[in-house]
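Coordinates from work.txt are shown below (compact mmCIF, C-alpha atoms).
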```txt
# COMPACT_ATOMS: atom_id res chain seq x y z
CA MET A 1 2.00 76.95 73.23
CA ALA A 2 0.12 80.17 72.65
CA ILE A 3 -2.44 81.39 75.14
CA ILE A 4 -5.72 82.23 73.45
CA THR A 5 -8.28 84.48 75.07
CA LEU A 6 -11.76 85.37 73.90
CA ARG A 7 -13.45 88.74 74.10
CA LEU A 8 -16.29 90.59 72.44
CA ALA A 9 -15.34 92.02 69.07
CA THR A 10 -14.97 95.77 68.75
CA PRO A 11 -15.05 97.97 65.64
CA ALA A 12 -11.24 97.97 65.75
CA ASP A 13 -11.30 94.20 65.00
CA ALA A 14 -13.21 94.62 61.73
CA GLU A 15 -10.16 94.54 59.44
CA GLN A 16 -8.67 91.38 60.95
CA ILE A 17 -12.08 89.64 60.95
CA ARG A 18 -12.51 90.71 57.33
CA GLU A 19 -9.12 89.25 56.37
CA ILE A 20 -9.98 85.87 57.92
CA TYR A 21 -13.43 85.80 56.35
CA ASN A 22 -12.39 87.03 52.92
CA TYR A 23 -9.76 84.32 52.65
CA GLU A 24 -12.57 81.78 53.03
CA VAL A 25 -14.73 83.65 50.50
CA LEU A 26 -11.99 83.65 47.88
CA HIS A 27 -10.35 80.27 48.43
CA THR A 28 -12.72 77.82 50.13
CA THR A 29 -16.31 76.67 50.36
CA ALA A 30 -16.51 77.23 54.13
CA THR A 31 -18.84 80.12 53.23
CA PHE A 32 -21.07 80.42 50.21
CA ASP A 33 -20.43 84.15 49.94
CA LEU A 34 -18.95 84.82 46.51
CA VAL A 35 -17.79 88.42 46.91
CA PRO A 36 -15.27 89.54 49.55
CA ARG A 37 -16.51 92.03 52.13
CA SER A 38 -15.31 95.59 52.08
CA LEU A 39 -14.18 97.16 55.33
CA ASP A 40 -17.41 99.17 55.45
CA GLU A 41 -19.47 96.00 55.01
CA GLN A 42 -17.50 94.23 57.73
CA GLN A 43 -17.99 97.16 60.09
CA GLN A 44 -21.73 97.12 59.34
CA TRP A 45 -21.85 93.35 59.97
CA LEU A 46 -20.21 93.87 63.36
CA ALA A 47 -22.49 96.79 64.22
CA GLU A 48 -25.53 94.56 63.64
CA ARG A 49 -24.34 92.06 66.24
CA SER A 50 -24.94 92.81 69.88
CA GLY A 51 -26.40 91.18 72.95
CA ALA A 52 -27.03 87.48 72.40
CA PHE A 53 -25.78 87.79 68.80
CA ALA A 54 -22.47 89.49 69.59
CA THR A 55 -19.29 88.40 67.85
CA LEU A 56 -16.41 86.89 69.80
CA VAL A 57 -12.78 87.16 68.72
CA ALA A 58 -9.95 84.81 69.65
CA ILE A 59 -6.78 86.70 70.52
CA ASP A 60 -3.26 85.29 70.74
CA THR A 61 -2.01 86.84 73.98
CA ASP A 62 1.57 85.84 73.15
CA ASP A 63 1.45 88.15 70.14
CA PRO A 64 2.52 91.70 71.09
CA ASP A 65 -0.03 93.10 68.61
CA GLY A 66 -2.84 90.95 70.05
CA GLU A 67 -3.78 89.54 66.65
CA VAL A 68 -7.22 88.13 65.99
CA VAL A 69 -6.70 84.45 65.09
CA GLY A 70 -10.36 83.52 64.83
CA PHE A 71 -13.90 84.64 65.46
CA GLY A 72 -17.36 83.27 66.05
CA ALA A 73 -20.87 84.64 66.05
CA LEU A 74 -24.44 83.66 66.71
CA SER A 75 -27.17 84.64 64.27
CA PRO A 76 -30.92 84.18 64.24
CA TYR A 77 -31.73 80.77 62.74
CA LYS A 78 -34.79 81.97 60.82
CA GLU A 79 -36.68 85.26 60.72
CA ARG A 80 -40.14 83.95 61.67
CA ALA A 81 -41.12 84.51 65.30
CA ALA A 82 -41.59 80.83 66.13
CA TYR A 83 -37.86 80.28 65.52
CA ARG A 84 -36.74 82.96 67.98
CA THR A 85 -35.49 80.37 70.48
CA SER A 86 -33.14 78.86 67.89
CA VAL A 87 -29.77 80.21 66.85
CA GLU A 88 -27.12 79.42 64.23
CA ASP A 89 -23.38 79.59 64.82
CA SER A 90 -20.48 80.64 62.61
CA VAL A 91 -16.85 79.91 63.48
CA TYR A 92 -13.83 80.93 61.40
CA ILE A 93 -10.21 80.35 62.38
CA ARG A 94 -7.24 81.81 60.57
CA ARG A 95 -5.87 79.04 58.33
CA ASP A 96 -2.37 79.10 59.82
CA ARG A 97 -3.90 78.48 63.27
CA ASN A 98 -6.13 75.50 62.44
CA GLY A 99 -5.74 72.38 64.58
CA GLN A 100 -4.73 74.27 67.74
CA GLY A 101 -8.05 73.99 69.61
CA ILE A 102 -9.09 77.57 68.90
CA GLY A 103 -12.25 76.50 67.07
CA ARG A 104 -13.32 74.35 69.99
CA LEU A 105 -12.73 77.20 72.43
CA VAL A 106 -14.77 79.60 70.29
CA LEU A 107 -17.62 77.13 69.67
CA SER A 108 -17.79 76.04 73.32
CA THR A 109 -18.06 79.67 74.37
CA LEU A 110 -20.77 80.34 71.78
CA ILE A 111 -22.73 77.35 73.12
CA GLU A 112 -22.46 78.76 76.63
CA GLN A 113 -23.46 82.22 75.39
CA ALA A 114 -26.49 80.78 73.56
CA ALA A 115 -27.62 78.79 76.61
CA ASN A 116 -27.16 81.79 78.92
CA SER A 117 -29.19 83.92 76.50
CA GLY A 118 -32.15 81.53 76.75
CA PHE A 119 -31.92 79.84 73.38
CA HIS A 120 -33.23 76.28 73.18
CA ALA A 121 -31.63 74.93 69.99
CA MET A 122 -28.40 75.72 68.20
CA PHE A 123 -27.76 74.89 64.55
CA ALA A 124 -24.74 74.72 62.26
CA ARG A 125 -25.02 74.69 58.48
CA ILE A 126 -21.73 73.32 57.16
CA ASN A 127 -20.54 72.55 53.65
CA SER A 128 -20.70 68.75 53.61
CA ALA A 129 -17.08 68.61 52.44
CA GLY A 130 -16.02 70.49 55.60
CA GLU A 131 -14.91 67.44 57.56
CA ALA A 132 -13.01 69.43 60.20
CA SER A 133 -15.99 71.66 60.94
CA ILE A 134 -18.35 68.70 61.09
CA ALA A 135 -15.95 66.93 63.47
CA LEU A 136 -15.64 70.06 65.64
CA HIS A 137 -19.39 70.36 65.97
CA SER A 138 -19.72 66.64 66.75
CA ARG A 139 -17.10 66.95 69.51
CA CYS A 140 -19.14 69.83 70.95
CA GLY A 141 -22.34 67.81 71.14
CA PHE A 142 -24.00 68.57 67.81
CA GLU A 143 -25.79 65.80 65.94
CA LEU A 144 -26.51 65.37 62.25
CA VAL A 145 -30.13 66.22 61.48
CA GLY A 146 -30.00 66.31 57.70
CA VAL A 147 -28.25 67.07 54.44
CA GLU A 148 -29.47 69.68 51.98
CA ARG A 149 -28.45 68.41 48.53
CA GLU A 150 -26.84 70.72 45.99
CA VAL A 151 -28.11 73.93 47.61
CA GLY A 152 -24.96 75.99 47.06
CA ARG A 153 -23.00 76.70 43.91
CA LYS A 154 -19.44 77.95 44.19
CA PHE A 155 -16.32 77.44 42.07
CA ASN A 156 -18.53 75.98 39.30
CA ARG A 157 -19.62 73.07 41.49
CA TRP A 158 -22.73 72.15 43.44
CA HIS A 159 -22.30 71.76 47.20
CA ASP A 160 -24.34 69.94 49.81
CA VAL A 161 -24.91 71.42 53.26
CA THR A 162 -24.83 69.32 56.41
CA LEU A 163 -27.27 70.52 59.05
CA MET A 164 -26.25 69.83 62.65
CA GLN A 165 -28.13 70.63 65.85
CA ARG A 166 -27.54 70.75 69.57
CA LEU A 167 -30.26 71.26 72.16
CA LEU A 168 -29.15 73.61 74.92
```
Rewrite the coordinates I just gave you, this time as structure tokens.
Amino acid sequence: MAIITLRLATPADAEQIREIYNYEVLHTTATFDLVPRSLDEQQQWLAERSGAFATLVAIDTDDPDGEVVGFGALSPYKERAAYRTSVEDSVYIRRDRNGQGIGRLVLSTLIEQAANSGFHAMFARINSAGEASIALHSRCGFELVGVEREVGRKFNRWHDVTLMQRLL
């Protein structure tokens, strides 16, 4: 069984994060992005995340290269000032490492990070077909608060978004 550790992402992690994310962009509806990120765009995305919104990476310590096998980040929920105590999470795990508890480790740590940073509410917006992600969030104390119908269009289909929330 691999030992997974979490740490703050560094600019050196940008390429591996990009590979994980771009797979989802190109092949799944886990994200509604339609165009893969360039390395420059991924580096910019990482540079914009610090403090309470820093990105975490999951590292397989059994791997001699210390490969990134997943990542998670917190983002502002909405731009308006009244929402500043709410945050939204993103968790992506490399497809060949799904089902190994890495997502739960990342999400649990993000919840702790959000609480320690003084946030009051944490949200997840998940493609309604993403049963594993919905189940992960449920196991971590999130509750269904609504479904946004046909708000995303990808792969020539409409997609619903499940909105889940956890008070911290």
Counting all atoms listed in the file, what is within 12 Å of Glu148 of chain A, bar same-chain residues fewer than 4 positions away, as a JSON list (two decimals) with C-alpha atoms, keeping the file's coordinate frame?
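Full text of selection-v2.json as output:
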```
[["chain", "number", "residue", "atom", "x", "y", "z"],
["A", 125, "ARG", "CA", -25.02, 74.69, 58.48],
["A", 126, "ILE", "CA", -21.73, 73.32, 57.16],
["A", 127, "ASN", "CA", -20.54, 72.55, 53.65],
["A", 128, "SER", "CA", -20.70, 68.75, 53.61],
["A", 144, "LEU", "CA", -26.51, 65.37, 62.25],
["A", 152, "GLY", "CA", -24.96, 75.99, 47.06],
["A", 158, "TRP", "CA", -22.73, 72.15, 43.44],
["A", 159, "HIS", "CA", -22.30, 71.76, 47.20],
["A", 160, "ASP", "CA", -24.34, 69.94, 49.81],
["A", 161, "VAL", "CA", -24.91, 71.42, 53.26],
["A", 162, "THR", "CA", -24.83, 69.32, 56.41],
["A", 163, "LEU", "CA", -27.27, 70.52, 59.05],
["A", 164, "MET", "CA", -26.25, 69.83, 62.65]]
```
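Residue nearest Arg7 of chain A within the list A:Val25, A:Val35, A:Leu136, A:Ala73: A:Ala73 [criterion: smallest interatomic distance, all atoms listed in the file].
Atom CA of Ser75 of chain A to atom CA of Glu88 of chain A spans 5.2 Å [interatomic distance, one decimal].
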Just give me the gap between atom CA of Thr5 of chain A and atom CA of Gln42 of chain A in Å, one decimal is fine.
21.9 Å
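Interatomic distance, atom CA of Glu15 of chain A against atom CA of Arg95 of chain A: 16.1 Å.
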Considering only C-alpha atoms, state which residue in the set A:Tyr21, A:Phe123, A:Phe71, A:Trp45 is at the smallest distance from Phe142 of chain A.
A:Phe123
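Distance check against Pro36 of chain A using all atoms listed in the file: of A:Ile20, A:Leu105, A:Ala52, A:Val145, the minimum falls on A:Ile20.
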